[in-house]
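Colleague: First the structure, then my questions, so here it is.
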Amino acid sequence: MPRRTKAHISRQNMTTPAGRKAVLTEVIDLIDQWLEASLKGEVGVLSYTEPKELQQQLALQIPKEGQPEEILKEVKRYLSHAVRTAHPQYLNQLFGGFNLPAFVGEILTAATNTSMYTYEVAPAATLMEMAIVEKMLAYTGWNSGTGAMMTGGSNTNMVAMLLARNSIFKGAKMEGISGLPHLAVLVSERAHFSMLKAANTIGIGQNAVVKVALDENGRMRREGLEAAMEHCLANGMMPFMVCSTAGTTETGSFDAIDEAAAFAKKHQMWHHVDGSWGASLLLGSRSQSLFKGLEQADSFSWNPHKLMNIPLICSVLLVRREGIMREEIQSHDADYIYHDNDTSAYDMGPASLQCGRRVDALKLWLAWKYYGDEGYGKRIDHLLDLAEYATDRIANDDRLELMFPTQSLNVNFRFAVPEGLDADAFNEAVRYDLIRSGSGMVNYCRLEKGLSIRLILLNPDLRKEDLDQFFERFIEAAEKHLFRLQVAGAKAS
Ligand SMILES: Cc1ncc(COP(=O)(O)O)c(C=O)c1O
């Protein structure tokens with residue numbers, strides 16, 4: 001094969017059609033090589049560098065005079081320091097994997113650079129966003145509804161809280177919350193921290209978030225809610241919203257949505273379901289029962305940038321009452337952008353807190369079209385199989401200890417240390433050893449039993465062999481750490 005000539009980029013040629021093409025070809029080539037190595041797991045998950053050293057390596061000063069000829073070098077440098085989130089040993093957080101059609105959508109989004117606020121400037125993207133919302137609504141069991149894409153699960157939760165506030169306290173949109181009672185929101189003890197941020201943002205304050213005690217599987221149940229309600233009433237607080245979590249960040253637990261629904265109905269509260277992590281389990285063939293009661297909820301967060309492996313950001317808020325988003329969010333002072341014309345009914349901007357809205361619909365549209373419901377269903381089923389496999393693997397290995405009964409795709413475990421050692425500090429150190437060596441990336445959280453390694457299954461390209469490799473590496477790192485401690489102990493005595 002003839003070798004392609006490397007692009008020579010200079011100020012002069014970069015703006016010519018041939019120069020542009022050379023740059024794009026070169027960059028795509030570099031990205032492809034980087035992805036290939038990541039996907040095969042041929043390299044480390046990352047090349048760990050301390051911040052001060054990285055600062056130096058990146059030469060972060062912005063020059064006075066532009067340096068177009070440096071661009072490819074910068075691209076390479078960036079790639080060499082990027083964490084490979086599609087690597088089979090990246091099991092760290094609630095996003096990752098590589099999704100080709102979505103990646104293509106992301107490139108198209110940047111290439112066409114527009115804003116999804118009016119139909120006029122984003123015709124196809126607007127209709128795609130609407131089609132996605134319709135598609136997702138069909139999974140909720142609601143007869144009607146509305147929805148929109150937002151800038152992350154945290155923001156969908158915040159907007160849900162705002163809608164709850166404005167729908168229950170009718171004047172709040174215009175008058176704010178002065179004069180209202182001491183408001184409260186009831187959430188699972190393991191609800192995501194975005195609920196606290198939401199309470200801060202909508203003006204009720206973080207202390208308004210009342211945490212509900214959970215059962216042994218980390219689920220919020222009716223009894224816990226009633227106890228929290230008693231606590232609120234005794235303290236002069238007025239709960240107006242209950243939030244169930246469909247897939248908690250730490251344990252992957254699903255609150256009893258049906259019980260929260262009945263509770264919300266009895267107390268005339270808004271019921272939000274935060275499915276930022278778990279909503280996509282609706283697509284699986286055996287996980288739909290986790291959502292019993294969703295059909296009675298008022299709003300639902302669904303975050304395809306997590307379990308549908310869409311590049312960040314891709315998040316949707318669905319709301320059961322049609323029209324409410326526009327009514328409670330739009331401001332009537334924007335006629336420079338929103339004109340009354342034949343297409344204004346299609347404008348998504350009025351129902352959004354943002355002005356400019358990035359095109360997040362296209363990448364999800366392409367991915368869902370590519371895989372179909374069936375393809376996504378198989379991906380989810382496979383991940384559930386992997387979670388079971390990992391759980392059994394832990395249960396059958398004396399060196400490991402399961403830290404929480406696996407509920408969905410979060411597997412919590414740790415290395416069982418010999419008596420006398422601090423298990424929390426030990427496991428935390430092993431986790432950092434793995435990261436520094438680049439051989440794996442996994443996170444931890446703190447549960448009742450102590451610090452727990454939180455293994456996240458969300459990359460559908462993972463195979464059981466990849467998990468075997470992860471456990472081998474984790475155990476090897478733990479044994480080395482143990483040996484170092486023993487040597488240090490022997491020297492000290
Ligand atoms: C349950 C839950 N809710 C909300 C969020 C926030 O989502 P985002 O990171 O998109 O803001 C997360 C993130 O992990 C989550 O796990």
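In the structure tokens, chains take the letters A, B, ... in the order shown, each chain's residues start at 1, and ligands count up from 1 in the order shown.
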Considering only C-alpha atoms and all ligand atoms, give me a table of residues in chain A that are at most 10 Å from ligand 1, with the closest atom pair and distance in Å for each, as JSON lines.

Modeller:
{"residue": "A:Gln93", "atom": "CA", "partner": "ligand 1", "partner_atom_place_in_ligand_line": "14 (O)", "distance": 7.7}
{"residue": "A:Leu94", "atom": "CA", "partner": "ligand 1", "partner_atom_place_in_ligand_line": "14 (O)", "distance": 5.8}
{"residue": "A:Phe95", "atom": "CA", "partner": "ligand 1", "partner_atom_place_in_ligand_line": "14 (O)", "distance": 8.4}
{"residue": "A:Met150", "atom": "CA", "partner": "ligand 1", "partner_atom_place_in_ligand_line": "10 (O)", "distance": 9.2}
{"residue": "A:Thr151", "atom": "CA", "partner": "ligand 1", "partner_atom_place_in_ligand_line": "10 (O)", "distance": 7.3}
{"residue": "A:Gly152", "atom": "CA", "partner": "ligand 1", "partner_atom_place_in_ligand_line": "10 (O)", "distance": 3.6}
{"residue": "A:Gly153", "atom": "CA", "partner": "ligand 1", "partner_atom_place_in_ligand_line": "7 (O)", "distance": 3.5}
{"residue": "A:Ser154", "atom": "CA", "partner": "ligand 1", "partner_atom_place_in_ligand_line": "11 (O)", "distance": 3.7}
{"residue": "A:Asn155", "atom": "CA", "partner": "ligand 1", "partner_atom_place_in_ligand_line": "11 (O)", "distance": 6.3}
{"residue": "A:Thr156", "atom": "CA", "partner": "ligand 1", "partner_atom_place_in_ligand_line": "11 (O)", "distance": 8.0}
{"residue": "A:Asn157", "atom": "CA", "partner": "ligand 1", "partner_atom_place_in_ligand_line": "4 (C)", "distance": 7.1}
{"residue": "A:Met158", "atom": "CA", "partner": "ligand 1", "partner_atom_place_in_ligand_line": "4 (C)", "distance": 9.8}
{"residue": "A:Arg190", "atom": "CA", "partner": "ligand 1", "partner_atom_place_in_ligand_line": "1 (C)", "distance": 8.6}
{"residue": "A:Ala191", "atom": "CA", "partner": "ligand 1", "partner_atom_place_in_ligand_line": "1 (C)", "distance": 6.3}
{"residue": "A:His192", "atom": "CA", "partner": "ligand 1", "partner_atom_place_in_ligand_line": "3 (N)", "distance": 4.8}
{"residue": "A:Phe193", "atom": "CA", "partner": "ligand 1", "partner_atom_place_in_ligand_line": "4 (C)", "distance": 7.4}
{"residue": "A:Ser194", "atom": "CA", "partner": "ligand 1", "partner_atom_place_in_ligand_line": "4 (C)", "distance": 6.0}
{"residue": "A:Met195", "atom": "CA", "partner": "ligand 1", "partner_atom_place_in_ligand_line": "4 (C)", "distance": 8.0}
{"residue": "A:Ser244", "atom": "CA", "partner": "ligand 1", "partner_atom_place_in_ligand_line": "1 (C)", "distance": 9.5}
{"residue": "A:Thr245", "atom": "CA", "partner": "ligand 1", "partner_atom_place_in_ligand_line": "1 (C)", "distance": 6.1}
{"residue": "A:Ala246", "atom": "CA", "partner": "ligand 1", "partner_atom_place_in_ligand_line": "1 (C)", "distance": 7.0}
{"residue": "A:Gly247", "atom": "CA", "partner": "ligand 1", "partner_atom_place_in_ligand_line": "1 (C)", "distance": 5.9}
{"residue": "A:Thr248", "atom": "CA", "partner": "ligand 1", "partner_atom_place_in_ligand_line": "1 (C)", "distance": 4.8}
{"residue": "A:Thr249", "atom": "CA", "partner": "ligand 1", "partner_atom_place_in_ligand_line": "16 (O)", "distance": 3.9}
{"residue": "A:Glu250", "atom": "CA", "partner": "ligand 1", "partner_atom_place_in_ligand_line": "16 (O)", "distance": 7.6}
{"residue": "A:Thr251", "atom": "CA", "partner": "ligand 1", "partner_atom_place_in_ligand_line": "16 (O)", "distance": 9.8}
{"residue": "A:Gly252", "atom": "CA", "partner": "ligand 1", "partner_atom_place_in_ligand_line": "1 (C)", "distance": 8.4}
{"residue": "A:Ser253", "atom": "CA", "partner": "ligand 1", "partner_atom_place_in_ligand_line": "1 (C)", "distance": 9.5}
{"residue": "A:Phe254", "atom": "CA", "partner": "ligand 1", "partner_atom_place_in_ligand_line": "1 (C)", "distance": 9.8}
{"residue": "A:Val273", "atom": "CA", "partner": "ligand 1", "partner_atom_place_in_ligand_line": "1 (C)", "distance": 9.5}
{"residue": "A:Asp274", "atom": "CA", "partner": "ligand 1", "partner_atom_place_in_ligand_line": "3 (N)", "distance": 5.8}
{"residue": "A:Gly275", "atom": "CA", "partner": "ligand 1", "partner_atom_place_in_ligand_line": "1 (C)", "distance": 6.3}
{"residue": "A:Ser276", "atom": "CA", "partner": "ligand 1", "partner_atom_place_in_ligand_line": "3 (N)", "distance": 4.6}
{"residue": "A:Trp277", "atom": "CA", "partner": "ligand 1", "partner_atom_place_in_ligand_line": "16 (O)", "distance": 4.8}
{"residue": "A:Gly278", "atom": "CA", "partner": "ligand 1", "partner_atom_place_in_ligand_line": "1 (C)", "distance": 7.4}
{"residue": "A:Ala279", "atom": "CA", "partner": "ligand 1", "partner_atom_place_in_ligand_line": "1 (C)", "distance": 9.5}
{"residue": "A:Ser301", "atom": "CA", "partner": "ligand 1", "partner_atom_place_in_ligand_line": "3 (N)", "distance": 8.1}
{"residue": "A:Trp302", "atom": "CA", "partner": "ligand 1", "partner_atom_place_in_ligand_line": "3 (N)", "distance": 9.1}
{"residue": "A:Asn303", "atom": "CA", "partner": "ligand 1", "partner_atom_place_in_ligand_line": "10 (O)", "distance": 6.4}
{"residue": "A:Pro304", "atom": "CA", "partner": "ligand 1", "partner_atom_place_in_ligand_line": "10 (O)", "distance": 9.0}
{"residue": "A:His305", "atom": "CA", "partner": "ligand 1", "partner_atom_place_in_ligand_line": "10 (O)", "distance": 7.3}
{"residue": "A:Lys306", "atom": "CA", "partner": "ligand 1", "partner_atom_place_in_ligand_line": "10 (O)", "distance": 7.7}
{"residue": "A:Leu312", "atom": "CA", "partner": "ligand 1", "partner_atom_place_in_ligand_line": "10 (O)", "distance": 8.0}
{"residue": "A:Ile313", "atom": "CA", "partner": "ligand 1", "partner_atom_place_in_ligand_line": "10 (O)", "distance": 7.1}
{"residue": "A:Cys314", "atom": "CA", "partner": "ligand 1", "partner_atom_place_in_ligand_line": "10 (O)", "distance": 7.8}
{"residue": "A:Ser315", "atom": "CA", "partner": "ligand 1", "partner_atom_place_in_ligand_line": "10 (O)", "distance": 6.7}
{"residue": "A:Val316", "atom": "CA", "partner": "ligand 1", "partner_atom_place_in_ligand_line": "10 (O)", "distance": 9.7}

Colleague: Those residues you just picked out, can you put them in a file as a tab-separated table (two decimals), in the first residue's frame with C-alpha atoms?

Modeller:
chain	number	residue	atom	x	y	z
A	93	GLN	CA	-17.56	5.39	36.19
A	94	LEU	CA	-21.05	5.52	34.79
A	95	PHE	CA	-20.03	6.27	31.23
A	150	MET	CA	-30.76	18.82	28.82
A	151	THR	CA	-27.18	19.24	29.87
A	152	GLY	CA	-26.86	16.14	32.05
A	153	GLY	CA	-28.73	14.04	34.58
A	154	SER	CA	-28.08	16.59	37.31
A	155	ASN	CA	-29.88	19.22	35.30
A	156	THR	CA	-32.80	16.97	34.46
A	157	ASN	CA	-33.22	16.41	38.21
A	158	MET	CA	-33.02	20.13	38.86
A	190	ARG	CA	-28.33	7.15	48.47
A	191	ALA	CA	-29.89	9.62	46.03
A	192	HIS	CA	-27.40	11.35	43.78
A	193	PHE	CA	-25.85	14.56	45.11
A	194	SER	CA	-27.48	16.46	42.25
A	195	MET	CA	-30.65	16.56	44.36
A	244	SER	CA	-37.25	7.64	43.62
A	245	THR	CA	-33.92	6.56	42.24
A	246	ALA	CA	-33.96	3.97	39.46
A	247	GLY	CA	-30.39	2.76	39.82
A	248	THR	CA	-28.45	4.37	42.64
A	249	THR	CA	-24.98	5.59	41.79
A	250	GLU	CA	-23.22	3.46	44.37
A	251	THR	CA	-25.17	0.22	44.61
A	252	GLY	CA	-27.37	0.21	41.48
A	253	SER	CA	-30.44	-0.23	43.69
A	254	PHE	CA	-33.94	0.50	42.44
A	273	VAL	CA	-37.93	9.12	39.16
A	274	ASP	CA	-34.22	9.67	38.71
A	275	GLY	CA	-33.25	7.11	36.10
A	276	SER	CA	-30.05	8.92	35.18
A	277	TRP	CA	-28.10	5.73	35.70
A	278	GLY	CA	-30.66	2.95	35.39
A	279	ALA	CA	-33.37	4.12	32.95
A	301	SER	CA	-34.69	11.39	34.06
A	302	TRP	CA	-33.07	9.22	31.40
A	303	ASN	CA	-29.39	9.64	30.63
A	304	PRO	CA	-28.32	7.87	27.42
A	305	HIS	CA	-24.75	9.04	27.94
A	306	LYS	CA	-24.45	6.43	30.64
A	312	LEU	CA	-21.30	12.84	26.95
A	313	ILE	CA	-23.62	14.79	27.12
A	314	CYS	CA	-26.91	13.14	26.26
A	315	SER	CA	-29.73	13.44	28.81
A	316	VAL	CA	-33.48	13.63	28.61

Colleague: Range 77-83 of chain A: which residues within 8 Å, counting only C-alpha atoms, same-chain residues fewer than 2 positions away excluded, as a list in words?

Modeller: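 So the residues in contact are Ile31, Trp34, Val45, Leu46, Ser47, Tyr48, Leu58, Lys73, Glu74, Val75 and Thr85 of chain A.
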
Colleague: Given only C-alpha atoms as the basis, pick out the residue of A:Ser167, A:Ser289, A:Phe426, A:Leu455 nearest to His271 in chain A.

Modeller: A:Ser167

Colleague: Which of range 208-242 of chain A counts as strand (DSSP E) under DSSP, as a list in words please?

Modeller: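 In range 208-242 of chain A, DSSP puts these residues in strand (DSSP E): Val209, Val210, Lys211, Val212, Met237, Met238, Pro239, Phe240, Met241 and Val242 of chain A.
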
Colleague: May I ask which of the residues A:Leu421, A:Ala488, A:Leu462, A:Ala478 is the closest one to Gly41 in chain A, counting only C-alpha atoms?

Modeller: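 Of the candidates, the smallest distance to Gly41 in chain A is held by A:Leu462.
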
Colleague: Find, counting only C-alpha atoms, the residue in A:Glu322, A:Glu479, A:Glu327, A:Asp468 that gets nearest to Gly145 in chain A.

Modeller: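 Answer, going by the shortest atom-to-atom distance: A:Glu322.
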
Colleague: CA of Lys363 in chain A to CA of Arg321 in chain A: how many Å, to one decimal?

Modeller: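 The value is 26.9 Å.
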
Colleague: As an exercise, work out the distance from CA of Pro181 in chain A to CA of His272 in chain A in Å and give it to one decimal place.

Modeller: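 For CA of Pro181 in chain A relative to CA of His272 in chain A, the distance reads 20.8 Å.
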
Colleague: Using only C-alpha atoms, which residue out of A:Lys211, A:Lys464, A:Arg84, A:Arg11 lies closest to Gln67 in chain A?

Modeller: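 Looking only at the distances to Gln67 in chain A, the closest residue turns out to be A:Arg11.
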
Colleague: Using DSSP secondary structure from the backbone, list all alpha helix (DSSP H) positions within range 167-279 of chain A, as a JSON list (two decimals) with N, CA, C and O atoms, in the first residue's frame.

Modeller:
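Written out: out.json:
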[["chain", "number", "residue", "atom", "x", "y", "z"],
["A", 167, "SER", "N", -45.49, 23.62, 39.91],
["A", 167, "SER", "CA", -46.82, 23.04, 39.67],
["A", 167, "SER", "C", -47.59, 22.95, 40.98],
["A", 167, "SER", "O", -48.80, 23.09, 41.00],
["A", 168, "ILE", "N", -46.89, 22.78, 42.09],
["A", 168, "ILE", "CA", -47.61, 22.68, 43.37],
["A", 168, "ILE", "C", -47.86, 24.06, 43.97],
["A", 168, "ILE", "O", -48.91, 24.31, 44.55],
["A", 172, "ALA", "N", -45.20, 30.39, 42.08],
["A", 172, "ALA", "CA", -43.74, 30.38, 42.29],
["A", 172, "ALA", "C", -42.94, 30.82, 41.08],
["A", 172, "ALA", "O", -41.86, 31.40, 41.22],
["A", 173, "LYS", "N", -43.47, 30.56, 39.88],
["A", 173, "LYS", "CA", -42.69, 30.95, 38.70],
["A", 173, "LYS", "C", -42.46, 32.47, 38.69],
["A", 173, "LYS", "O", -41.35, 32.94, 38.39],
["A", 174, "MET", "N", -43.48, 33.24, 39.02],
["A", 174, "MET", "CA", -43.34, 34.69, 38.95],
["A", 174, "MET", "C", -42.89, 35.29, 40.28],
["A", 174, "MET", "O", -42.15, 36.26, 40.31],
["A", 175, "GLU", "N", -43.32, 34.70, 41.38],
["A", 175, "GLU", "CA", -43.09, 35.34, 42.69],
["A", 175, "GLU", "C", -41.95, 34.70, 43.48],
["A", 175, "GLU", "O", -41.58, 35.20, 44.53],
["A", 194, "SER", "N", -26.85, 15.39, 43.05],
["A", 194, "SER", "CA", -27.48, 16.46, 42.25],
["A", 194, "SER", "C", -28.79, 16.92, 42.86],
["A", 194, "SER", "O", -29.24, 18.04, 42.58],
["A", 195, "MET", "N", -29.40, 16.11, 43.71],
["A", 195, "MET", "CA", -30.65, 16.56, 44.36],
["A", 195, "MET", "C", -30.34, 17.73, 45.30],
["A", 195, "MET", "O", -31.12, 18.67, 45.42],
["A", 196, "LEU", "N", -29.19, 17.65, 45.98],
["A", 196, "LEU", "CA", -28.80, 18.75, 46.87],
["A", 196, "LEU", "C", -28.52, 20.01, 46.06],
["A", 196, "LEU", "O", -28.93, 21.12, 46.42],
["A", 197, "LYS", "N", -27.82, 19.83, 44.94],
["A", 197, "LYS", "CA", -27.51, 20.99, 44.10],
["A", 197, "LYS", "C", -28.80, 21.59, 43.54],
["A", 197, "LYS", "O", -28.93, 22.82, 43.42],
["A", 198, "ALA", "N", -29.73, 20.72, 43.18],
["A", 198, "ALA", "CA", -31.01, 21.20, 42.62],
["A", 198, "ALA", "C", -31.74, 22.05, 43.67],
["A", 198, "ALA", "O", -32.27, 23.12, 43.36],
["A", 199, "ALA", "N", -31.74, 21.55, 44.91],
["A", 199, "ALA", "CA", -32.45, 22.28, 45.98],
["A", 199, "ALA", "C", -31.82, 23.65, 46.19],
["A", 199, "ALA", "O", -32.51, 24.66, 46.40],
["A", 200, "ASN", "N", -30.51, 23.68, 46.11],
["A", 200, "ASN", "CA", -29.80, 24.96, 46.23],
["A", 200, "ASN", "C", -30.22, 25.89, 45.09],
["A", 200, "ASN", "O", -30.58, 27.05, 45.29],
["A", 201, "THR", "N", -30.23, 25.34, 43.88],
["A", 201, "THR", "CA", -30.50, 26.17, 42.70],
["A", 201, "THR", "C", -31.92, 26.72, 42.69],
["A", 201, "THR", "O", -32.14, 27.87, 42.33],
["A", 222, "ARG", "N", -41.97, 2.27, 51.34],
["A", 222, "ARG", "CA", -43.07, 3.06, 51.88],
["A", 222, "ARG", "C", -42.86, 3.45, 53.35],
["A", 222, "ARG", "O", -43.08, 4.59, 53.74],
["A", 223, "GLU", "N", -42.41, 2.47, 54.17],
["A", 223, "GLU", "CA", -42.26, 2.75, 55.61],
["A", 223, "GLU", "C", -41.26, 3.89, 55.83],
["A", 223, "GLU", "O", -41.49, 4.78, 56.67],
["A", 224, "GLY", "N", -40.17, 3.85, 55.10],
["A", 224, "GLY", "CA", -39.14, 4.89, 55.24],
["A", 224, "GLY", "C", -39.72, 6.25, 54.87],
["A", 224, "GLY", "O", -39.44, 7.27, 55.52],
["A", 225, "LEU", "N", -40.53, 6.26, 53.82],
["A", 225, "LEU", "CA", -41.13, 7.53, 53.38],
["A", 225, "LEU", "C", -42.08, 8.08, 54.44],
["A", 225, "LEU", "O", -42.08, 9.28, 54.74],
["A", 226, "GLU", "N", -42.89, 7.18, 55.01],
["A", 226, "GLU", "CA", -43.85, 7.65, 56.03],
["A", 226, "GLU", "C", -43.09, 8.20, 57.24],
["A", 226, "GLU", "O", -43.48, 9.22, 57.81],
["A", 227, "ALA", "N", -42.00, 7.52, 57.61],
["A", 227, "ALA", "CA", -41.22, 8.01, 58.76],
["A", 227, "ALA", "C", -40.62, 9.38, 58.45],
["A", 227, "ALA", "O", -40.63, 10.29, 59.31],
["A", 228, "ALA", "N", -40.14, 9.56, 57.22],
["A", 228, "ALA", "CA", -39.55, 10.85, 56.84],
["A", 228, "ALA", "C", -40.63, 11.93, 56.84],
["A", 228, "ALA", "O", -40.38, 13.09, 57.24],
["A", 229, "MET", "N", -41.83, 11.56, 56.42],
["A", 229, "MET", "CA", -42.93, 12.54, 56.41],
["A", 229, "MET", "C", -43.24, 12.99, 57.85],
["A", 229, "MET", "O", -43.39, 14.17, 58.12],
["A", 230, "GLU", "N", -43.27, 12.03, 58.76],
["A", 230, "GLU", "CA", -43.54, 12.37, 60.17],
["A", 230, "GLU", "C", -42.48, 13.33, 60.69],
["A", 230, "GLU", "O", -42.78, 14.32, 61.35],
["A", 231, "HIS", "N", -41.23, 13.03, 60.33],
["A", 231, "HIS", "CA", -40.12, 13.87, 60.76],
["A", 231, "HIS", "C", -40.32, 15.30, 60.23],
["A", 231, "HIS", "O", -40.15, 16.28, 60.96],
["A", 232, "CYS", "N", -40.70, 15.41, 58.96],
["A", 232, "CYS", "CA", -40.88, 16.74, 58.35],
["A", 232, "CYS", "C", -41.99, 17.49, 59.07],
["A", 232, "CYS", "O", -41.84, 18.67, 59.41],
["A", 233, "LEU", "N", -43.12, 16.81, 59.26],
["A", 233, "LEU", "CA", -44.27, 17.51, 59.86],
["A", 233, "LEU", "C", -43.92, 17.96, 61.29],
["A", 233, "LEU", "O", -44.26, 19.07, 61.70],
["A", 234, "ALA", "N", -43.20, 17.09, 62.00],
["A", 234, "ALA", "CA", -42.82, 17.44, 63.38],
["A", 234, "ALA", "C", -41.89, 18.66, 63.39],
["A", 234, "ALA", "O", -41.80, 19.38, 64.38],
["A", 257, "ILE", "N", -40.61, 2.00, 43.20],
["A", 257, "ILE", "CA", -41.25, 3.15, 42.54],
["A", 257, "ILE", "C", -42.75, 3.13, 42.78],
["A", 257, "ILE", "O", -43.38, 4.18, 42.99],
["A", 258, "ASP", "N", -43.34, 1.93, 42.76],
["A", 258, "ASP", "CA", -44.80, 1.85, 42.95],
["A", 258, "ASP", "C", -45.19, 2.33, 44.36],
["A", 258, "ASP", "O", -46.19, 3.02, 44.55],
["A", 259, "GLU", "N", -44.36, 2.02, 45.35],
["A", 259, "GLU", "CA", -44.68, 2.44, 46.73],
["A", 259, "GLU", "C", -44.54, 3.96, 46.86],
["A", 259, "GLU", "O", -45.35, 4.62, 47.49],
["A", 260, "ALA", "N", -43.51, 4.50, 46.22],
["A", 260, "ALA", "CA", -43.34, 5.96, 46.26],
["A", 260, "ALA", "C", -44.49, 6.65, 45.52],
["A", 260, "ALA", "O", -44.95, 7.73, 45.92],
["A", 261, "ALA", "N", -44.98, 5.99, 44.47],
["A", 261, "ALA", "CA", -46.08, 6.58, 43.69],
["A", 261, "ALA", "C", -47.34, 6.67, 44.56],
["A", 261, "ALA", "O", -48.02, 7.71, 44.59],
["A", 262, "ALA", "N", -47.62, 5.58, 45.28],
["A", 262, "ALA", "CA", -48.82, 5.57, 46.13],
["A", 262, "ALA", "C", -48.68, 6.62, 47.24],
["A", 262, "ALA", "O", -49.62, 7.35, 47.57],
["A", 263, "PHE", "N", -47.47, 6.70, 47.78],
["A", 263, "PHE", "CA", -47.19, 7.69, 48.85],
["A", 263, "PHE", "C", -47.38, 9.11, 48.31],
["A", 263, "PHE", "O", -48.03, 9.95, 48.95],
["A", 264, "ALA", "N", -46.84, 9.37, 47.11],
["A", 264, "ALA", "CA", -46.94, 10.73, 46.53],
["A", 264, "ALA", "C", -48.40, 11.08, 46.28],
["A", 264, "ALA", "O", -48.83, 12.22, 46.52],
["A", 265, "LYS", "N", -49.15, 10.10, 45.83],
["A", 265, "LYS", "CA", -50.58, 10.36, 45.54],
["A", 265, "LYS", "C", -51.31, 10.71, 46.85],
["A", 265, "LYS", "O", -52.04, 11.69, 46.91],
["A", 266, "LYS", "N", -51.04, 9.91, 47.86],
["A", 266, "LYS", "CA", -51.73, 10.13, 49.15],
["A", 266, "LYS", "C", -51.44, 11.53, 49.69],
["A", 266, "LYS", "O", -52.32, 12.20, 50.20]]

Colleague: I'd like the neighbourhood of Gln469 in chain A as a PyMOL selection string, where a residue qualifies if any of its atoms comes within 12 Å (using only C-alpha atoms), though same-chain residues fewer than 5 positions away should be ignored.

Modeller: chain A and resi 41+88-90+390+393+439-440+462-464+474-476

Colleague: Can you tell me, as a list in words, what residues are no more than 7 Å from Val359 in chain A when counting only C-alpha atoms, ignoring any on the same chain fewer than 2 positions away?

Modeller: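 Close residues of Val359 in chain A: Thr109, Thr114, Ser115, Met116, Ala125, Arg357, Ala361 and Leu362 of chain A.
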
Colleague: Those same residues - all heavy atoms - I'd like them written as an mmCIF file, in the first residue's frame.

Modeller:
data_model
loop_
_atom_site.group_PDB
_atom_site.id
_atom_site.type_symbol
_atom_site.label_atom_id
_atom_site.label_comp_id
_atom_site.auth_asym_id
_atom_site.auth_seq_id
_atom_site.Cartn_x
_atom_site.Cartn_y
_atom_site.Cartn_z
ATOM 1 N N THR A 109 -22.357 16.648 14.525
ATOM 2 C CA THR A 109 -22.836 17.749 15.369
ATOM 3 C C THR A 109 -21.835 18.899 15.368
ATOM 4 O O THR A 109 -22.199 20.065 15.207
ATOM 5 C CB THR A 109 -23.067 17.248 16.811
ATOM 6 O OG1 THR A 109 -24.150 16.335 16.771
ATOM 7 C CG2 THR A 109 -23.400 18.379 17.759
ATOM 8 N N THR A 114 -24.855 23.856 15.180
ATOM 9 C CA THR A 114 -26.048 24.696 15.265
ATOM 10 C C THR A 114 -26.659 24.563 16.657
ATOM 11 O O THR A 114 -26.105 23.872 17.511
ATOM 12 C CB THR A 114 -27.055 24.317 14.156
ATOM 13 O OG1 THR A 114 -28.070 25.316 14.085
ATOM 14 C CG2 THR A 114 -27.686 22.960 14.381
ATOM 15 N N SER A 115 -27.767 25.221 16.861
ATOM 16 C CA SER A 115 -28.373 25.227 18.189
ATOM 17 C C SER A 115 -29.803 24.706 18.092
ATOM 18 O O SER A 115 -30.589 25.192 17.277
ATOM 19 C CB SER A 115 -28.363 26.659 18.730
ATOM 20 O OG SER A 115 -29.097 26.709 19.911
ATOM 21 N N MET A 116 -30.089 23.738 18.965
ATOM 22 C CA MET A 116 -31.419 23.107 18.904
ATOM 23 C C MET A 116 -32.476 23.952 19.616
ATOM 24 O O MET A 116 -33.255 23.427 20.380
ATOM 25 C CB MET A 116 -31.326 21.737 19.581
ATOM 26 C CG MET A 116 -31.400 20.628 18.594
ATOM 27 S SD MET A 116 -31.417 18.933 19.172
ATOM 28 C CE MET A 116 -30.969 18.805 20.832
ATOM 29 N N ALA A 125 -32.500 18.125 13.480
ATOM 30 C CA ALA A 125 -32.173 17.788 14.872
ATOM 31 C C ALA A 125 -33.391 17.957 15.777
ATOM 32 O O ALA A 125 -33.623 17.165 16.694
ATOM 33 C CB ALA A 125 -31.018 18.658 15.358
ATOM 34 N N ARG A 357 -28.647 25.553 22.561
ATOM 35 C CA ARG A 357 -28.791 24.133 22.947
ATOM 36 C C ARG A 357 -27.989 23.288 21.974
ATOM 37 O O ARG A 357 -28.268 23.271 20.779
ATOM 38 C CB ARG A 357 -30.254 23.693 22.905
ATOM 39 C CG ARG A 357 -31.154 24.459 23.846
ATOM 40 C CD ARG A 357 -32.594 23.986 23.712
ATOM 41 N NE ARG A 357 -32.800 22.675 24.297
ATOM 42 C CZ ARG A 357 -33.382 21.654 23.670
ATOM 43 N NH1 ARG A 357 -33.775 21.773 22.418
ATOM 44 N NH2 ARG A 357 -33.557 20.498 24.269
ATOM 45 N N ALA A 361 -29.215 15.326 20.025
ATOM 46 C CA ALA A 361 -30.176 14.329 19.538
ATOM 47 C C ALA A 361 -29.587 13.424 18.460
ATOM 48 O O ALA A 361 -29.854 12.224 18.435
ATOM 49 C CB ALA A 361 -31.414 15.038 18.986
ATOM 50 N N LEU A 362 -28.781 14.011 17.598
ATOM 51 C CA LEU A 362 -28.318 13.284 16.420
ATOM 52 C C LEU A 362 -27.553 12.006 16.770
ATOM 53 O O LEU A 362 -27.769 10.934 16.193
ATOM 54 C CB LEU A 362 -27.453 14.238 15.584
ATOM 55 C CG LEU A 362 -26.800 13.693 14.330
ATOM 56 C CD1 LEU A 362 -27.830 13.145 13.355
ATOM 57 C CD2 LEU A 362 -25.980 14.796 13.653
#

Colleague: What is the distance between CA of Met149 in chain A and CA of Leu91 in chain A, in Å to one decimal?

Modeller: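 We find that CA of Met149 in chain A and CA of Leu91 in chain A lie 26.4 Å from each other.
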